[in-house]
$ cat query30.cif   # mmCIF, C-alpha atoms
data_model
#
loop_
_atom_site.group_PDB
_atom_site.id
_atom_site.type_symbol
_atom_site.label_atom_id
_atom_site.label_comp_id
_atom_site.auth_asym_id
_atom_site.auth_seq_id
_atom_site.Cartn_x
_atom_site.Cartn_y
_atom_site.Cartn_z
ATOM 1 C CA MET A 1 -62.820 -1.592 -15.607
ATOM 2 C CA SER A 2 -63.069 -1.520 -11.820
ATOM 3 C CA ARG A 3 -60.005 -3.786 -11.581
ATOM 4 C CA PHE A 4 -58.053 -1.239 -13.596
ATOM 5 C CA PHE A 5 -58.997 1.625 -11.244
ATOM 6 C CA ASP A 6 -58.336 -0.604 -8.250
ATOM 7 C CA SER A 7 -54.860 -1.385 -9.581
ATOM 8 C CA LEU A 8 -54.067 2.347 -9.619
ATOM 9 C CA MET A 9 -54.479 2.639 -5.843
ATOM 10 C CA ASP A 10 -54.104 -0.889 -4.449
ATOM 11 C CA THR A 11 -50.878 -0.353 -2.493
ATOM 12 C CA LYS A 12 -49.812 2.157 0.115
ATOM 13 C CA ASP A 13 -47.181 3.715 -2.186
ATOM 14 C CA LYS A 14 -49.683 4.158 -5.030
ATOM 15 C CA ARG A 15 -52.173 5.859 -2.717
ATOM 16 C CA TYR A 16 -49.447 8.037 -1.221
ATOM 17 C CA HIS A 17 -48.046 9.267 -4.528
ATOM 18 C CA GLY A 18 -51.488 9.484 -6.169
ATOM 19 C CA THR A 19 -52.800 11.685 -3.358
ATOM 20 C CA LEU A 20 -49.746 13.942 -3.554
ATOM 21 C CA ILE A 21 -50.146 14.269 -7.332
ATOM 22 C CA LEU A 22 -53.812 15.272 -6.925
ATOM 23 C CA MET A 23 -52.869 17.782 -4.220
ATOM 24 C CA LEU A 24 -50.132 19.288 -6.383
ATOM 25 C CA ALA A 25 -52.574 19.547 -9.308
ATOM 26 C CA VAL A 26 -54.972 21.538 -7.103
ATOM 27 C CA PHE A 27 -52.162 23.805 -5.851
ATOM 28 C CA GLY A 28 -50.907 24.245 -9.430
ATOM 29 C CA SER A 29 -54.351 25.257 -10.681
ATOM 30 C CA ILE A 30 -54.603 27.828 -7.881
ATOM 31 C CA ALA A 31 -51.185 29.229 -8.840
ATOM 32 C CA ILE A 32 -52.280 29.444 -12.493
ATOM 33 C CA THR A 33 -55.419 31.423 -11.556
ATOM 34 C CA TYR A 34 -53.243 33.867 -9.597
ATOM 35 C CA ILE A 35 -50.878 34.235 -12.547
ATOM 36 C CA ILE A 36 -53.868 35.083 -14.766
ATOM 37 C CA LEU A 37 -54.998 37.672 -12.199
ATOM 38 C CA GLY A 38 -51.487 39.117 -11.961
ATOM 39 C CA VAL A 39 -51.158 39.456 -15.737
ATOM 40 C CA SER A 40 -54.555 41.188 -15.820
ATOM 41 C CA LEU A 41 -53.419 43.641 -13.143
ATOM 42 C CA CYS A 42 -50.198 44.324 -15.066
ATOM 43 C CA MET A 43 -52.255 45.197 -18.164
ATOM 44 C CA VAL A 44 -54.192 47.984 -16.404
ATOM 45 C CA LYS A 45 -53.214 51.235 -18.113
ATOM 46 C CA ASP A 46 -56.069 53.713 -17.669
ATOM 47 C CA TYR A 47 -59.423 54.432 -16.035
ATOM 48 C CA ASP A 48 -61.381 52.242 -18.460
ATOM 49 C CA ASN A 49 -59.091 49.252 -17.823
ATOM 50 C CA VAL A 50 -59.655 49.476 -14.062
ATOM 51 C CA PHE A 51 -63.421 49.190 -14.429
ATOM 52 C CA ALA A 52 -63.197 46.686 -17.287
ATOM 53 C CA LEU A 53 -61.130 44.504 -14.965
ATOM 54 C CA LEU A 54 -63.979 44.450 -12.442
ATOM 55 C CA ASP A 55 -66.331 43.120 -15.140
ATOM 56 C CA MET A 56 -64.042 40.237 -16.139
ATOM 57 C CA PRO A 57 -65.432 36.840 -15.044
ATOM 58 C CA TYR A 58 -62.016 35.486 -14.027
ATOM 59 C CA ILE A 59 -61.549 38.228 -11.432
ATOM 60 C CA THR A 60 -63.489 36.063 -8.965
ATOM 61 C CA TRP A 61 -61.399 32.934 -9.574
ATOM 62 C CA THR A 62 -58.915 33.872 -6.859
ATOM 63 C CA TYR A 63 -59.491 34.163 -3.134
ATOM 64 C CA LEU A 64 -57.508 37.398 -2.933
ATOM 65 C CA ALA A 65 -59.624 39.150 -5.581
ATOM 66 C CA ARG A 66 -62.882 37.987 -3.971
ATOM 67 C CA LEU A 67 -61.652 39.273 -0.614
ATOM 68 C CA VAL A 68 -60.657 42.688 -2.009
ATOM 69 C CA LEU A 69 -64.004 43.029 -3.830
ATOM 70 C CA GLU A 70 -65.819 42.069 -0.624
ATOM 71 C CA ALA A 71 -63.790 44.605 1.391
ATOM 72 C CA MET A 72 -64.563 47.338 -1.145
ATOM 73 C CA SER A 73 -68.292 46.738 -0.693
ATOM 74 C CA MET A 74 -68.169 46.909 3.133
ATOM 75 C CA PRO A 75 -69.464 50.083 4.760
ATOM 76 C CA SER A 76 -66.891 49.838 7.558
ATOM 77 C CA LEU A 77 -63.778 47.742 8.090
ATOM 78 C CA THR A 78 -63.916 46.142 11.518
ATOM 79 C CA PHE A 79 -62.127 43.021 12.702
ATOM 80 C CA GLY A 80 -65.392 41.053 12.818
ATOM 81 C CA ASN A 81 -66.381 42.103 9.292
ATOM 82 C CA ILE A 82 -62.954 41.144 7.950
ATOM 83 C CA VAL A 83 -63.072 37.682 9.552
ATOM 84 C CA ILE A 84 -66.597 37.057 8.265
ATOM 85 C CA SER A 85 -65.556 38.212 4.793
ATOM 86 C CA MET A 86 -62.485 35.976 4.862
ATOM 87 C CA LEU A 87 -64.672 32.955 5.626
ATOM 88 C CA ARG A 88 -67.362 33.924 3.130
ATOM 89 C CA CYS A 89 -64.868 34.327 0.282
ATOM 90 C CA ILE A 90 -63.507 30.779 0.541
ATOM 91 C CA GLY A 91 -64.326 28.978 -2.702
ATOM 92 C CA TRP A 92 -64.448 25.289 -3.520
ATOM 93 C CA LEU A 93 -60.873 25.258 -4.872
ATOM 94 C CA GLU A 94 -59.482 26.740 -1.655
ATOM 95 C CA PHE A 95 -61.577 24.292 0.361
ATOM 96 C CA VAL A 96 -60.130 21.354 -1.613
ATOM 97 C CA ALA A 97 -56.594 22.767 -1.212
ATOM 98 C CA VAL A 98 -57.009 23.039 2.573
ATOM 99 C CA PHE A 99 -58.484 19.513 2.633
ATOM 100 C CA PHE A 100 -55.436 18.109 0.817
ATOM 101 C CA ALA A 101 -53.051 20.144 2.970
ATOM 102 C CA VAL A 102 -54.607 18.674 6.120
ATOM 103 C CA ILE A 103 -54.512 15.135 4.722
ATOM 104 C CA CYS A 104 -50.905 15.447 3.543
ATOM 105 C CA TYR A 105 -49.634 17.519 6.473
ATOM 106 C CA ARG A 106 -47.278 14.837 7.833
ATOM 107 C CA THR A 107 -45.677 14.469 4.409
ATOM 108 C CA LEU A 108 -45.522 18.181 3.624
ATOM 109 C CA GLU A 109 -43.958 19.233 6.915
ATOM 110 C CA ARG A 110 -40.795 17.255 6.158
ATOM 111 C CA HIS A 111 -39.841 19.054 2.941
ATOM 112 C CA ARG A 112 -37.855 22.246 2.447
ATOM 113 C CA ALA A 113 -39.967 22.975 -0.634
ATOM 114 C CA THR A 114 -43.009 23.280 1.652
ATOM 115 C CA PHE A 115 -41.217 25.859 3.780
ATOM 116 C CA ALA A 116 -40.141 27.785 0.660
ATOM 117 C CA GLY A 117 -43.692 27.687 -0.730
ATOM 118 C CA LEU A 118 -45.217 28.872 2.536
ATOM 119 C CA LEU A 119 -42.623 31.638 2.807
ATOM 120 C CA LEU A 120 -43.509 32.805 -0.712
ATOM 121 C CA LEU A 121 -47.219 32.765 0.155
ATOM 122 C CA VAL A 122 -46.613 34.835 3.301
ATOM 123 C CA ILE A 123 -44.569 37.333 1.283
ATOM 124 C CA GLU A 124 -47.360 37.491 -1.308
ATOM 125 C CA VAL A 125 -50.001 38.113 1.360
ATOM 126 C CA PHE A 126 -47.970 40.907 2.952
ATOM 127 C CA VAL A 127 -47.118 42.540 -0.385
ATOM 128 C CA CYS A 128 -50.707 42.377 -1.643
ATOM 129 C CA GLY A 129 -52.106 43.508 1.713
ATOM 130 C CA GLY A 130 -49.689 46.433 1.919
ATOM 131 C CA VAL A 131 -50.314 47.494 -1.667
ATOM 132 C CA SER A 132 -54.089 47.176 -1.163
ATOM 133 C CA LEU A 133 -53.955 49.357 1.945
ATOM 134 C CA SER A 134 -51.807 51.951 0.187
ATOM 135 C CA ALA A 135 -54.159 51.845 -2.819
ATOM 136 C CA LEU A 136 -57.055 52.838 -0.571
ATOM 137 C CA SER A 137 -55.287 56.098 0.235
ATOM 138 C CA CYS A 138 -54.431 56.992 -3.401
ATOM 139 C CA THR A 139 -55.503 60.466 -4.438
ATOM 140 C CA THR A 140 -54.947 60.062 -8.174
ATOM 141 C CA LEU A 141 -55.879 57.352 -10.625
ATOM 142 C CA LYS A 142 -52.286 57.203 -11.874
ATOM 143 C CA ALA A 143 -51.051 56.287 -8.388
ATOM 144 C CA LEU A 144 -53.727 53.576 -8.136
ATOM 145 C CA ILE A 145 -52.730 52.123 -11.514
ATOM 146 C CA VAL A 146 -49.052 52.025 -10.489
ATOM 147 C CA ARG A 147 -49.968 50.139 -7.316
ATOM 148 C CA LEU A 148 -52.184 47.701 -9.235
ATOM 149 C CA GLN A 149 -49.391 47.031 -11.727
ATOM 150 C CA PHE A 150 -46.877 46.496 -8.914
ATOM 151 C CA MET A 151 -49.285 44.089 -7.237
ATOM 152 C CA GLY A 152 -49.761 42.271 -10.548
ATOM 153 C CA MET A 153 -46.007 41.920 -11.113
ATOM 154 C CA SER A 154 -45.542 40.628 -7.557
ATOM 155 C CA ILE A 155 -48.337 38.095 -7.953
ATOM 156 C CA VAL A 156 -46.978 36.872 -11.294
ATOM 157 C CA ALA A 157 -43.398 36.573 -10.004
ATOM 158 C CA ILE A 158 -44.271 34.761 -6.765
ATOM 159 C CA ASN A 159 -46.801 32.394 -8.328
ATOM 160 C CA THR A 160 -44.484 31.581 -11.217
ATOM 161 C CA ILE A 161 -41.832 30.519 -8.695
ATOM 162 C CA LEU A 162 -44.484 28.517 -6.829
ATOM 163 C CA LEU A 163 -45.621 26.879 -10.073
ATOM 164 C CA VAL A 164 -42.032 25.863 -10.883
ATOM 165 C CA LEU A 165 -41.658 24.366 -7.379
ATOM 166 C CA ILE A 166 -44.980 22.539 -7.741
ATOM 167 C CA GLY A 167 -44.021 21.302 -11.215
ATOM 168 C CA PHE A 168 -40.659 19.991 -10.029
ATOM 169 C CA TYR A 169 -42.183 18.237 -7.022
ATOM 170 C CA CYS A 170 -45.027 16.845 -9.166
ATOM 171 C CA TYR A 171 -42.488 15.472 -11.665
ATOM 172 C CA ARG A 172 -40.741 13.630 -8.834
ATOM 173 C CA GLN A 173 -44.036 12.243 -7.542
ATOM 174 C CA VAL A 174 -45.111 11.053 -11.003
ATOM 175 C CA LYS A 175 -41.763 9.270 -11.402
ATOM 176 C CA GLN A 176 -42.191 7.559 -8.051
ATOM 177 C CA TYR A 177 -45.830 6.722 -8.811
ATOM 178 C CA ARG A 178 -44.806 5.118 -12.105
ATOM 179 C CA HIS A 179 -42.253 3.074 -10.198
ATOM 180 C CA ALA A 180 -44.957 2.016 -7.712
ATOM 181 C CA LEU A 181 -47.226 0.963 -10.614
ATOM 182 C CA ALA A 182 -44.703 -1.731 -11.518
ATOM 183 C CA TYR A 183 -45.815 -3.685 -8.462
ATOM 184 C CA ASP A 184 -49.191 -5.314 -8.037
ATOM 185 C CA ALA A 185 -50.856 -6.146 -4.782
ATOM 186 C CA VAL A 186 -51.390 -9.832 -4.176
ATOM 187 C CA GLU A 187 -54.385 -10.945 -2.219
ATOM 188 C CA ILE A 188 -53.537 -13.684 0.216
ATOM 189 C CA LYS A 189 -56.374 -15.871 1.379
ATOM 190 C CA GLU A 190 -56.098 -17.998 4.453
ATOM 191 C CA LEU A 191 -56.775 -21.635 3.948
ATOM 192 C CA GLU A 192 -59.562 -22.961 6.095
ATOM 193 C CA GLU A 193 -58.584 -25.820 8.303
ATOM 194 C CA GLU A 194 -60.745 -28.878 7.895
#

$ encode --input "query30.cif" --output "structure tokens"
Amino acid sequence: MSRFFDSLMDTKDKRYHGTLILMLAVFGSIAITYIILGVSLCMVKDYDNVFALLDMPYITWTYLARLVLEAMSMPSLTFGNIVISMLRCIGWLEFVAVFFAVICYRTLERHRATFAGLLLLVIEVFVCGGVSLSALSCTTLKALIVRLQFMGMSIVAINTILLVLIGFYCYRQVKQYRHALAYDAVEIKELEEE
């Protein structure tokens, strides 16, 4: 059994493509959790839905939702409190994603898809941050619901595009990994001179 697992990662190409596939799986699962959050925000229709959303267990699956919930419970918003909250809200999935991004940085920096993905993430952060700030100044529940629905539609749209990019890139990596599996590593032993 150990020989089988060793054969999956015994060459440089297998390790390279295998690591990228694992990284893309982590990024894809993060995108899926954001899509679930976005769909939930789109479904908010009235006062009861807003508070029912806060009781849903999947609301804490995403970093953004944990950060907003943490900010809502703060007595005052200062720069120090925001930074501490940002660090405190990092979950294990985000930690693993950052770990893979650091490991695969040299590979990721060479691709246009990485730039497109990062651009989409920056747009998502600015849209969600702007909508969250404008939601804090809402005077009516109807205005808050409209902003939550807009945020949900933005999250769903951006993360769906990201998921398609991740899926396409993952498909390419799986194809290349399958090609790399056709080759086995050969162990060469030096003959001892007598």

$ resolve_selection --input "query30.cif" --expression "the PyMOL selection byres ((chain A and resi 46) around 8)" --output "number ranges by chain"
A: 44-45, 47-50, 141-142, 145

$ resolve_selection --input "query30.cif" --expression "the PyMOL selection byres ((chain A and resi 172-180) around 9)" --output "list in words"
Thr11, Asp13, Lys14, Arg15, Tyr16, His17, Gly18, Leu20, Ile21, Gly167, Phe168, Tyr169, Cys170, Tyr171, Leu181, Ala182, Tyr183 and Asp184 of chain A

$ atom_distance --input "query30.cif" --atom1 "atom CA of Phe79 of chain A" --atom2 "atom CA of Gly38 of chain A"
27.1 Å

$ resolve_selection --input "query30.cif" --expression "the PyMOL selection byres ((chain A and resi 100) around 9)" --output "number ranges by chain"
A: 19-20, 22-23, 26, 95-99, 101-105

$ closest_residue --input "query30.cif" --among "A:Leu87, A:Ile35, A:Leu69, A:Ile155" --to "Val125 of chain A" --atoms "all atoms listed in the file"
A:Ile155

$ closest_atom_pairs --input "query30.cif" --of "segment 99-179 of chain A" --to "segment 58-67 of chain A" --cutoff "12 Å" --atoms "all atoms listed in the file" --output "tab-separated table"
residue	atom	partner	partner_atom	distance
A:Leu121	CA	A:Leu64	CA	11.7
A:Glu124	CA	A:Leu64	CA	10.3
A:Val125	CA	A:Leu64	CA	8.7
A:Phe126	CA	A:Leu64	CA	11.7
A:Val127	CA	A:Leu64	CA	11.9
A:Cys128	CA	A:Leu64	CA	8.5
A:Gly129	CA	A:Leu64	CA	9.4
A:Ser132	CA	A:Leu64	CA	10.5
A:Leu148	CA	A:Ala65	CA	11.9
A:Met151	CA	A:Leu64	CA	11.4
A:Gly152	CA	A:Ala65	CA	11.5
A:Ile155	CA	A:Leu64	CA	10.5

$ atom_distance --input "query30.cif" --atom1 "atom CA of Gly117 of chain A" --atom2 "atom CA of Leu133 of chain A"
24.1 Å

$ axis_aligned_box --input "query30.cif" --around "segment 158-176 of chain A" --padding-each-side "5 Å" --output "AutoDock Vina command-line options"
--center_x -43.7 --center_y 21.2 --center_z -9.2 --size_x 16.1 --size_y 37.2 --size_z 14.9

$ atom_distance --input "query30.cif" --atom1 "atom CA of Met153 of chain A" --atom2 "atom CA of Trp92 of chain A"
26.0 Å

$ closest_residue --input "query30.cif" --among "A:Ile158, A:Cys42, A:Val68, A:Leu24" --to "Leu136 of chain A" --atoms "only C-alpha atoms"
A:Val68

$ closest_residue --input "query30.cif" --among "A:Val39, A:Ala116, A:Leu93, A:Ile82" --to "Ala25 of chain A" --atoms "all atoms listed in the file"
A:Leu93
